[in-house]
Amino acid sequence: MTRHGDTTTVQQTHVLLEIVKAFAVCEHAMAAGELTGPRRLDRLMEAHGILMAACGPRHHIPFDELMGRLTGERAGSLERLLPEWINAEELAGVRLLESDGVATEDGFDFRHEAQRVMRAAEKVGKFSGQVTKPKLDDEYSQESVFSAIKGPFYERHRKTLVENPTVPRKDLATLNLPSRAYDFYGPIAQYAQYNGWWWPCPACQWPMKVTTDRSNGRIRGQVRCLYPWHDETGASYEFVVTARRKTAPELQPTFECRVPSGRFAPLWTGAVPLVPEARAVEDTVVLVRPVWRYTVVPGLPELALHRAVSASLEGTPWTSHLWPNGDQCDLWMTHADNDEPRFMADFKDYTWSNHLVSKLDLDGGDRGGAEYLVVPDHRREQVDQLDAVCRRHRMKAAMTATEYLEMVINHAKGGQA
């Protein structure tokens with residue numbers, strides 16, 4: 001049986017990663033305001049070189065061809081760009097950039113998730129080739145966040161980051177974070193601004209992306225969260241203003257936001273029916289995109305799960321522990337009569353489940369010894385695939401967050417130690 005962590009799969013992941021990196025370098029070149037014309041051209045030529053190296057010497061891609069895929073209708077498209085020997089089926093129909101040149105969530109997650117696979121492959125000797133290291137945002141990787149906040153107050157610092165993706169500039173020091181963690185905060189990206197205003201996502205509080213077009217003296221704007229599930233559950237708005245208007249536009253929902261009741265209500269971390277009000281850009285600093293996506297976004301359901309479990313275990317001998325033992329895993333339980341960890345769970349929010357499967361195969365299961373792999377409820381379609389790889393590596397099961405919550409409650413309320 002072919003595993004996702006075998007050498008062939010790893011090589012394929014590497015090639016696709018290099019191609020995605022090339023577009024990421026282009027995005028950085030076009031968005032970085034500090035780059036002058038010649039320096040921007042240098043970065044774009046670097047991206048072209050990365051793309052050409054990935055495709056091999058027999059497949060020429062003109063520089064103008066890449067430039068034509070940075071904005072507009074063909075932005076981020078790989079259609080008829082790559083040689084036939086590259087199996088790009090995994091990226092079929094995927095756009096790596098939006099029409100304004102900002103990385104799509106699919107493209108952004110592919111790069112960061114594939115990089116985790118490659119790091120795991122290098123550690124076990126499954127890959128020894130050349131990995132390009134263009135200056136992007138690797139200083140904001142999960143490993144960098146862990147390194148910056150590790151220590152006796154790890155849980156407190158991580159919770160602070162999750163609950164404060166945006167901060168009034170004057171209040172930043174009051175977060176009491178380690179000094180290195182303050183580097184994760186910076187100005188609001190241009191794509192999340194309109195005339196000096198920005199809007200927080202009602203689900204995660206991070207600035208939503210703004211796009212506008214002008215016609216007949218009126219400006220029409222679309223405002224949405226870059227995390228697709230938040231967008232799909234209601235973090236999607238529009239506004240219309242006249243060109244002369246100087247005050248902040250008022251948002252209108254593009255569709256009705258509905259919050260579930262019953263079984264899925266306790267762990268709901270999607271949008272809520274609250275229309276955000278505009279805030280001043282100059283007064284705010286925000287977490288950079290990688291820290292928001294890989295610390296804040298998964299951290300919200302992790303916190304919700306821990307709090308729901310803790311509330312359900314009140315009056316029982318069981319205790320829930322969040323990010324225990326310096327983040328050995330994301331959650332485990334202990335019993336008053338036995339402090340041995342039980343129900344050890346690792347929470348994963350991957351867009352590309354094949355990358356998670358590859359990493360589990362390369363790591364031989366969960367590196368922290370988790371018994372259960374838990375995904376957000378909205379990733380339910382990944383469970384069967386992940387459950388198979390978990391059992392292959394002697395983990396007990398993969399399941400959704402709500403299924404994990406119900407399992408722990410049923411065990412604790414059943415009086416079992």
# chains A, B, ... in the order shown; residues from 1 in each chain; ligands from 1
call {"tool": "select_by_dssp", "arguments": {"residues": "region 211-271 of chain A", "states": "helix (DSSP H, G or I)", "output": "list in words"}}
result
Pro228, Trp229, His230, Asp231, Glu232, Gly262, Arg263 and Phe264 of chain A
call {"tool": "select_by_dssp", "arguments": {"residues": "region 245-364 of chain A", "states": "strand (DSSP E or B)", "output": "list in words"}}
result
Gln252, Pro253, Arg279, Ala280, Thr284, Val285, Val286, Leu287, Trp318, Thr319, Ser320, His321, Leu322, Leu331, Trp332, Met333, Thr334, His335, Asn338, Asp339, Glu340, Pro341, Arg342, Phe343, Met344, Ala345, Asp346 and Phe347 of chain A
call {"tool": "write_last_selection", "arguments": {"atoms": "N, CA and C atoms", "output": "mmCIF file, in the first residue's frame"}}
result
data_model
loop_
_atom_site.group_PDB
_atom_site.id
_atom_site.type_symbol
_atom_site.label_atom_id
_atom_site.label_comp_id
_atom_site.auth_asym_id
_atom_site.auth_seq_id
_atom_site.Cartn_x
_atom_site.Cartn_y
_atom_site.Cartn_z
ATOM 1 N N GLN A 252 -23.600 45.900 5.222
ATOM 2 C CA GLN A 252 -24.849 45.147 5.161
ATOM 3 C C GLN A 252 -24.510 43.689 4.889
ATOM 4 N N PRO A 253 -25.093 42.748 5.649
ATOM 5 C CA PRO A 253 -24.791 41.326 5.402
ATOM 6 C C PRO A 253 -25.210 40.913 3.998
ATOM 7 N N ARG A 279 -13.495 50.576 12.278
ATOM 8 C CA ARG A 279 -12.529 51.079 13.250
ATOM 9 C C ARG A 279 -11.379 51.756 12.503
ATOM 10 N N ALA A 280 -10.702 52.654 13.193
ATOM 11 C CA ALA A 280 -9.623 53.414 12.551
ATOM 12 C C ALA A 280 -8.362 52.575 12.406
ATOM 13 N N THR A 284 -4.667 50.778 15.422
ATOM 14 C CA THR A 284 -4.685 49.332 15.651
ATOM 15 C C THR A 284 -3.447 48.630 15.105
ATOM 16 N N VAL A 285 -2.976 47.619 15.845
ATOM 17 C CA VAL A 285 -1.991 46.668 15.333
ATOM 18 C C VAL A 285 -2.634 45.290 15.351
ATOM 19 N N VAL A 286 -2.178 44.411 14.451
ATOM 20 C CA VAL A 286 -2.808 43.099 14.300
ATOM 21 C C VAL A 286 -1.750 42.018 14.150
ATOM 22 N N LEU A 287 -2.128 40.788 14.483
ATOM 23 C CA LEU A 287 -1.238 39.658 14.242
ATOM 24 C C LEU A 287 -1.038 39.467 12.739
ATOM 25 N N TRP A 318 -12.960 14.474 37.255
ATOM 26 C CA TRP A 318 -12.149 14.694 36.063
ATOM 27 C C TRP A 318 -11.820 16.169 35.878
ATOM 28 N N THR A 319 -10.629 16.422 35.310
ATOM 29 C CA THR A 319 -10.189 17.784 35.018
ATOM 30 C C THR A 319 -9.634 17.852 33.602
ATOM 31 N N SER A 320 -9.995 18.909 32.893
ATOM 32 C CA SER A 320 -9.504 19.122 31.532
ATOM 33 C C SER A 320 -8.270 20.024 31.564
ATOM 34 N N HIS A 321 -7.277 19.702 30.745
ATOM 35 C CA HIS A 321 -6.040 20.488 30.687
ATOM 36 C C HIS A 321 -5.805 20.931 29.240
ATOM 37 N N LEU A 322 -5.637 22.227 29.036
ATOM 38 C CA LEU A 322 -5.426 22.797 27.713
ATOM 39 C C LEU A 322 -3.940 23.023 27.453
ATOM 40 N N LEU A 331 -5.037 18.803 24.318
ATOM 41 C CA LEU A 331 -5.996 18.594 25.406
ATOM 42 C C LEU A 331 -5.804 17.205 25.994
ATOM 43 N N TRP A 332 -5.894 17.114 27.314
ATOM 44 C CA TRP A 332 -6.020 15.809 27.938
ATOM 45 C C TRP A 332 -6.765 15.950 29.252
ATOM 46 N N MET A 333 -7.213 14.797 29.787
ATOM 47 C CA MET A 333 -7.970 14.764 31.043
ATOM 48 C C MET A 333 -7.166 14.008 32.092
ATOM 49 N N THR A 334 -7.360 14.395 33.329
ATOM 50 C CA THR A 334 -6.813 13.629 34.446
ATOM 51 C C THR A 334 -7.927 13.354 35.444
ATOM 52 N N HIS A 335 -7.767 12.264 36.198
ATOM 53 C CA HIS A 335 -8.730 11.864 37.212
ATOM 54 C C HIS A 335 -8.135 12.146 38.586
ATOM 55 N N ASN A 338 -5.927 9.522 39.837
ATOM 56 C CA ASN A 338 -4.827 9.094 38.970
ATOM 57 C C ASN A 338 -4.485 10.238 38.023
ATOM 58 N N ASP A 339 -3.307 10.826 38.194
ATOM 59 C CA ASP A 339 -2.952 11.989 37.386
ATOM 60 C C ASP A 339 -2.370 11.627 36.022
ATOM 61 N N GLU A 340 -2.478 10.359 35.653
ATOM 62 C CA GLU A 340 -2.011 9.954 34.325
ATOM 63 C C GLU A 340 -2.918 10.554 33.252
ATOM 64 N N PRO A 341 -2.349 11.179 32.207
ATOM 65 C CA PRO A 341 -3.178 11.785 31.166
ATOM 66 C C PRO A 341 -4.063 10.760 30.465
ATOM 67 N N ARG A 342 -5.287 11.148 30.231
ATOM 68 C CA ARG A 342 -6.251 10.314 29.498
ATOM 69 C C ARG A 342 -6.870 11.139 28.378
ATOM 70 N N PHE A 343 -7.375 10.480 27.370
ATOM 71 C CA PHE A 343 -8.040 11.150 26.243
ATOM 72 C C PHE A 343 -7.129 12.211 25.615
ATOM 73 N N MET A 344 -5.855 11.873 25.470
ATOM 74 C CA MET A 344 -4.895 12.820 24.892
ATOM 75 C C MET A 344 -5.281 13.126 23.445
ATOM 76 N N ALA A 345 -5.488 14.407 23.165
ATOM 77 C CA ALA A 345 -6.009 14.808 21.854
ATOM 78 C C ALA A 345 -5.147 15.891 21.227
ATOM 79 N N ASP A 346 -4.961 15.766 19.922
ATOM 80 C CA ASP A 346 -4.280 16.808 19.154
ATOM 81 C C ASP A 346 -5.288 17.370 18.166
ATOM 82 N N PHE A 347 -5.422 18.684 18.159
ATOM 83 C CA PHE A 347 -6.416 19.364 17.327
ATOM 84 C C PHE A 347 -5.741 19.837 16.043
#
call {"tool": "closest_atom_pairs", "arguments": {"of": "region 239-285 of chain A", "to": "region 292-315 of chain A", "cutoff": "8 Å", "atoms": "only C-alpha atoms", "output": "Markdown table"}}
result
| residue | atom | partner | partner_atom | distance |
| --- | --- | --- | --- | --- |
| A:Pro266 | CA | A:Ala308 | CA | 6.7 |
| A:Leu267 | CA | A:Ala304 | CA | 5.7 |
| A:Trp268 | CA | A:Pro301 | CA | 7.7 |
| A:Thr269 | CA | A:Pro301 | CA | 6.2 |
call {"tool": "write_last_selection", "arguments": {"atoms": "N, CA and C atoms", "output": "CSV table (one decimal), in the first residue's frame"}}
result
chain,number,residue,atom,x,y,z
A,266,PRO,N,-22.6,24.3,21.4
A,266,PRO,CA,-21.6,24.6,22.4
A,266,PRO,C,-20.2,24.9,21.8
A,267,LEU,N,-19.9,24.3,20.7
A,267,LEU,CA,-18.6,24.5,20.1
A,267,LEU,C,-18.6,25.4,18.8
A,268,TRP,N,-19.7,26.1,18.6
A,268,TRP,CA,-19.8,27.0,17.5
A,268,TRP,C,-18.8,28.1,17.6
A,269,THR,N,-17.9,28.2,16.6
A,269,THR,CA,-17.0,29.3,16.5
A,269,THR,C,-17.0,30.0,15.1
call {"tool": "closest_atom_pairs", "arguments": {"of": "region 313-366 of chain A", "to": "region 205-229 of chain A", "cutoff": "12 Å", "atoms": "only C-alpha atoms", "output": "tab-separated table"}}
result
residue	atom	partner	partner_atom	distance
A:Asp349	CA	A:Tyr227	CA	11.4
A:Tyr350	CA	A:Tyr227	CA	11.8
A:Thr351	CA	A:Pro228	CA	9.9
call {"tool": "atom_distance", "arguments": {"atom1": "CA of Val374 (chain A)", "atom2": "CA of Leu386 (chain A)"}}
result
9.5 Å
call {"tool": "residues_around", "arguments": {"residues": "Pro83 (chain A)", "least_positions_apart": "4", "cutoff": "10 Å", "atoms": "only C-alpha atoms", "output": "PDB file with N, CA, C and O atoms, in the first residue's frame"}}
result
ATOM      1  N   ALA A  54      11.535  24.498 -10.613  1.00  0.00           N
ATOM      2  CA  ALA A  54      10.582  23.441 -10.264  1.00  0.00           C
ATOM      3  C   ALA A  54      10.112  22.690 -11.506  1.00  0.00           C
ATOM      4  O   ALA A  54       9.894  21.474 -11.464  1.00  0.00           O
ATOM      5  N   CYS A  55       9.966  23.405 -12.625  1.00  0.00           N
ATOM      6  CA  CYS A  55       9.434  22.785 -13.842  1.00  0.00           C
ATOM      7  C   CYS A  55      10.496  22.064 -14.658  1.00  0.00           C
ATOM      8  O   CYS A  55      10.161  21.268 -15.547  1.00  0.00           O
ATOM      9  N   GLY A  56      11.775  22.350 -14.384  1.00  0.00           N
ATOM     10  CA  GLY A  56      12.842  21.649 -15.087  1.00  0.00           C
ATOM     11  C   GLY A  56      13.327  22.383 -16.322  1.00  0.00           C
ATOM     12  O   GLY A  56      12.631  23.246 -16.874  1.00  0.00           O
ATOM     13  N   ARG A  58      13.678  21.627 -19.457  1.00  0.00           N
ATOM     14  CA  ARG A  58      13.056  21.411 -20.752  1.00  0.00           C
ATOM     15  C   ARG A  58      11.709  22.120 -20.905  1.00  0.00           C
ATOM     16  O   ARG A  58      11.054  21.986 -21.938  1.00  0.00           O
ATOM     17  N   HIS A  59      11.292  22.825 -19.862  1.00  0.00           N
ATOM     18  CA  HIS A  59       9.987  23.497 -19.924  1.00  0.00           C
ATOM     19  C   HIS A  59      10.197  24.986 -19.651  1.00  0.00           C
ATOM     20  O   HIS A  59      10.447  25.392 -18.521  1.00  0.00           O
ATOM     21  N   HIS A  60      10.115  25.784 -20.690  1.00  0.00           N
ATOM     22  CA  HIS A  60      10.352  27.224 -20.546  1.00  0.00           C
ATOM     23  C   HIS A  60       9.041  27.960 -20.278  1.00  0.00           C
ATOM     24  O   HIS A  60       8.042  27.749 -20.969  1.00  0.00           O
ATOM     25  N   ILE A  61       9.062  28.815 -19.270  1.00  0.00           N
ATOM     26  CA  ILE A  61       7.921  29.670 -18.960  1.00  0.00           C
ATOM     27  C   ILE A  61       8.380  31.118 -19.111  1.00  0.00           C
ATOM     28  O   ILE A  61       9.216  31.591 -18.334  1.00  0.00           O
ATOM     29  N   ASN A  87       2.377  16.166 -11.796  1.00  0.00           N
ATOM     30  CA  ASN A  87       1.001  15.790 -11.481  1.00  0.00           C
ATOM     31  C   ASN A  87       0.392  16.864 -10.580  1.00  0.00           C
ATOM     32  O   ASN A  87       0.531  16.817  -9.358  1.00  0.00           O
ATOM     33  N   ALA A  88      -0.264  17.828 -11.204  1.00  0.00           N
ATOM     34  CA  ALA A  88      -0.851  18.939 -10.451  1.00  0.00           C
ATOM     35  C   ALA A  88      -2.340  18.740 -10.214  1.00  0.00           C
ATOM     36  O   ALA A  88      -3.072  19.704  -9.980  1.00  0.00           O
TER      37      ALA A  88
END
call {"tool": "atom_distance", "arguments": {"atom1": "CA of Asp337 (chain A)", "atom2": "CA of Pro317 (chain A)"}}
result
7.8 Å
call {"tool": "atom_distance", "arguments": {"atom1": "CA of Phe264 (chain A)", "atom2": "CA of Gly234 (chain A)"}}
result
16.6 Å
call {"tool": "residues_around", "arguments": {"residues": "Val357 (chain A)", "least_positions_apart": "4", "cutoff": "10 Å", "atoms": "only C-alpha atoms", "output": "PyMOL selection string"}}
result
chain A and resi 3-5+117+352-353+361-363+365+385-390
call {"tool": "closest_atom_pairs", "arguments": {"of": "region 160-236 of chain A", "to": "region 31-44 of chain A", "cutoff": "10 Å", "atoms": "only C-alpha atoms", "output": "Markdown table"}}
result
| residue | atom | partner | partner_atom | distance |
| --- | --- | --- | --- | --- |
| A:Ala189 | CA | A:Ala31 | CA | 8.7 |
| A:Gln190 | CA | A:Ala31 | CA | 8.1 |
| A:Tyr191 | CA | A:Ala31 | CA | 9.0 |
call {"tool": "residues_around", "arguments": {"residues": "Glu143 (chain A)", "least_positions_apart": "4", "cutoff": "12 Å", "atoms": "only C-alpha atoms", "output": "VMD selection string"}}
result
chain A and resid 112 115 to 116 119 138 to 139 147 to 150 290 to 291 294 to 295 327
call {"tool": "closest_residue", "arguments": {"among": "A:Pro202, A:Gly364, A:Pro168, A:Gly369", "to": "Val281 (chain A)", "atoms": "only C-alpha atoms"}}
result
A:Pro168
call {"tool": "residues_around", "arguments": {"residues": "Asp183 (chain A)", "least_positions_apart": "2", "cutoff": "10 Å", "atoms": "only C-alpha atoms", "output": "NGL selection string"}}
result
:A and (139-140 or 148 or 178-181 or 185-186 or 287-288)
call {"tool": "residues_around", "arguments": {"residues": "region 91-104 of chain A", "least_positions_apart": "6", "cutoff": "10 Å", "atoms": "only C-alpha atoms", "output": "ChimeraX atom specification"}}
result
/A:16,19-21,23-24,26-28,30-31,69-79,110-111,191,209,211,226-228
call {"tool": "write_last_selection", "arguments": {"atoms": "N, CA, C and O atoms", "output": "short mmCIF file (atom, residue, chain, number, x, y, z; two decimals), in the first residue's frame"}}
result
data_model
loop_
_atom_site.label_atom_id
_atom_site.label_comp_id
_atom_site.auth_asym_id
_atom_site.auth_seq_id
_atom_site.Cartn_x
_atom_site.Cartn_y
_atom_site.Cartn_z
N LEU A 16 5.31 20.79 -6.05
CA LEU A 16 4.15 21.67 -5.97
C LEU A 16 4.39 22.81 -4.99
O LEU A 16 3.95 23.94 -5.22
N ILE A 19 6.36 25.54 -6.64
CA ILE A 19 5.51 26.32 -7.56
C ILE A 19 4.65 27.30 -6.79
O ILE A 19 4.53 28.48 -7.16
N VAL A 20 4.06 26.85 -5.69
CA VAL A 20 3.23 27.73 -4.86
C VAL A 20 4.09 28.84 -4.25
O VAL A 20 3.67 30.00 -4.14
N LYS A 21 5.31 28.49 -3.85
CA LYS A 21 6.22 29.51 -3.30
C LYS A 21 6.49 30.61 -4.30
O LYS A 21 6.60 31.79 -3.94
N PHE A 23 4.58 31.88 -6.53
CA PHE A 23 3.48 32.84 -6.52
C PHE A 23 3.45 33.63 -5.21
O PHE A 23 3.07 34.80 -5.20
N ALA A 24 3.87 33.00 -4.11
CA ALA A 24 3.91 33.71 -2.83
C ALA A 24 4.97 34.82 -2.88
O ALA A 24 4.76 35.91 -2.33
N CYS A 26 5.83 36.42 -5.54
CA CYS A 26 5.21 37.46 -6.36
C CYS A 26 4.26 38.31 -5.53
O CYS A 26 4.25 39.54 -5.64
N GLU A 27 3.44 37.64 -4.71
CA GLU A 27 2.51 38.40 -3.86
C GLU A 27 3.28 39.36 -2.96
O GLU A 27 2.91 40.53 -2.80
N HIS A 28 4.34 38.87 -2.35
CA HIS A 28 5.14 39.71 -1.46
C HIS A 28 5.75 40.88 -2.22
O HIS A 28 5.76 42.02 -1.75
N MET A 30 4.61 42.39 -4.86
CA MET A 30 3.61 43.36 -5.27
C MET A 30 3.00 44.10 -4.09
O MET A 30 2.57 45.25 -4.21
N ALA A 31 2.97 43.43 -2.91
CA ALA A 31 2.29 44.02 -1.76
C ALA A 31 3.21 44.81 -0.84
O ALA A 31 2.76 45.68 -0.10
N ARG A 69 -0.23 36.37 -14.68
CA ARG A 69 -1.04 35.56 -13.76
C ARG A 69 -0.98 36.08 -12.32
O ARG A 69 -1.24 35.34 -11.37
N LEU A 70 -0.64 37.35 -12.15
CA LEU A 70 -0.54 37.92 -10.80
C LEU A 70 -1.79 38.69 -10.39
O LEU A 70 -2.09 38.80 -9.20
N THR A 71 -2.51 39.24 -11.36
CA THR A 71 -3.76 39.95 -11.06
C THR A 71 -4.74 39.68 -12.19
O THR A 71 -4.38 39.12 -13.23
N GLY A 72 -5.98 40.08 -11.98
CA GLY A 72 -6.99 39.96 -13.02
C GLY A 72 -7.60 38.58 -13.13
O GLY A 72 -7.54 37.77 -12.19
N GLU A 73 -8.15 38.28 -14.28
CA GLU A 73 -8.91 37.04 -14.47
C GLU A 73 -8.05 35.79 -14.35
O GLU A 73 -8.55 34.73 -13.98
N ARG A 74 -6.77 35.89 -14.69
CA ARG A 74 -5.90 34.70 -14.63
C ARG A 74 -5.05 34.66 -13.36
O ARG A 74 -4.13 33.84 -13.27
N ALA A 75 -5.33 35.50 -12.41
CA ALA A 75 -4.50 35.58 -11.20
C ALA A 75 -4.41 34.23 -10.50
O ALA A 75 -5.42 33.60 -10.20
N GLY A 76 -3.18 33.79 -10.27
CA GLY A 76 -2.95 32.57 -9.50
C GLY A 76 -3.34 31.29 -10.19
O GLY A 76 -3.35 30.22 -9.58
N SER A 77 -3.63 31.34 -11.48
CA SER A 77 -4.04 30.14 -12.21
C SER A 77 -2.82 29.35 -12.68
O SER A 77 -1.85 29.93 -13.17
N LEU A 78 -2.91 28.02 -12.56
CA LEU A 78 -1.84 27.14 -13.06
C LEU A 78 -2.22 26.48 -14.38
O LEU A 78 -1.46 25.67 -14.91
N GLU A 79 -3.38 26.82 -14.90
CA GLU A 79 -3.88 26.17 -16.11
C GLU A 79 -2.91 26.39 -17.28
O GLU A 79 -2.53 27.53 -17.58
N PHE A 110 -1.84 25.78 1.39
CA PHE A 110 -1.04 24.75 0.71
C PHE A 110 0.43 24.96 1.02
O PHE A 110 1.16 24.02 1.35
N ARG A 111 0.89 26.20 0.91
CA ARG A 111 2.31 26.48 1.14
C ARG A 111 2.72 26.14 2.57
O ARG A 111 3.71 25.43 2.80
N TYR A 191 -4.89 45.37 1.93
CA TYR A 191 -6.09 44.72 1.40
C TYR A 191 -7.23 44.64 2.41
O TYR A 191 -8.34 44.26 2.07
N LYS A 209 -10.97 41.16 4.63
CA LYS A 209 -10.47 41.66 3.34
C LYS A 209 -11.52 42.57 2.70
O LYS A 209 -12.73 42.27 2.75
N THR A 211 -12.59 44.56 -0.90
CA THR A 211 -12.40 44.80 -2.33
C THR A 211 -13.47 45.79 -2.78
O THR A 211 -14.60 45.76 -2.29
N LEU A 226 -10.96 36.20 5.47
CA LEU A 226 -10.13 35.37 4.61
C LEU A 226 -10.19 33.89 4.98
O LEU A 226 -9.76 33.04 4.19
N TYR A 227 -10.70 33.56 6.16
CA TYR A 227 -10.88 32.15 6.50
C TYR A 227 -12.22 31.72 5.92
O TYR A 227 -13.28 32.22 6.33
N PRO A 228 -12.24 30.82 4.94
CA PRO A 228 -13.47 30.53 4.20
C PRO A 228 -14.66 30.16 5.05
O PRO A 228 -15.79 30.57 4.75
#
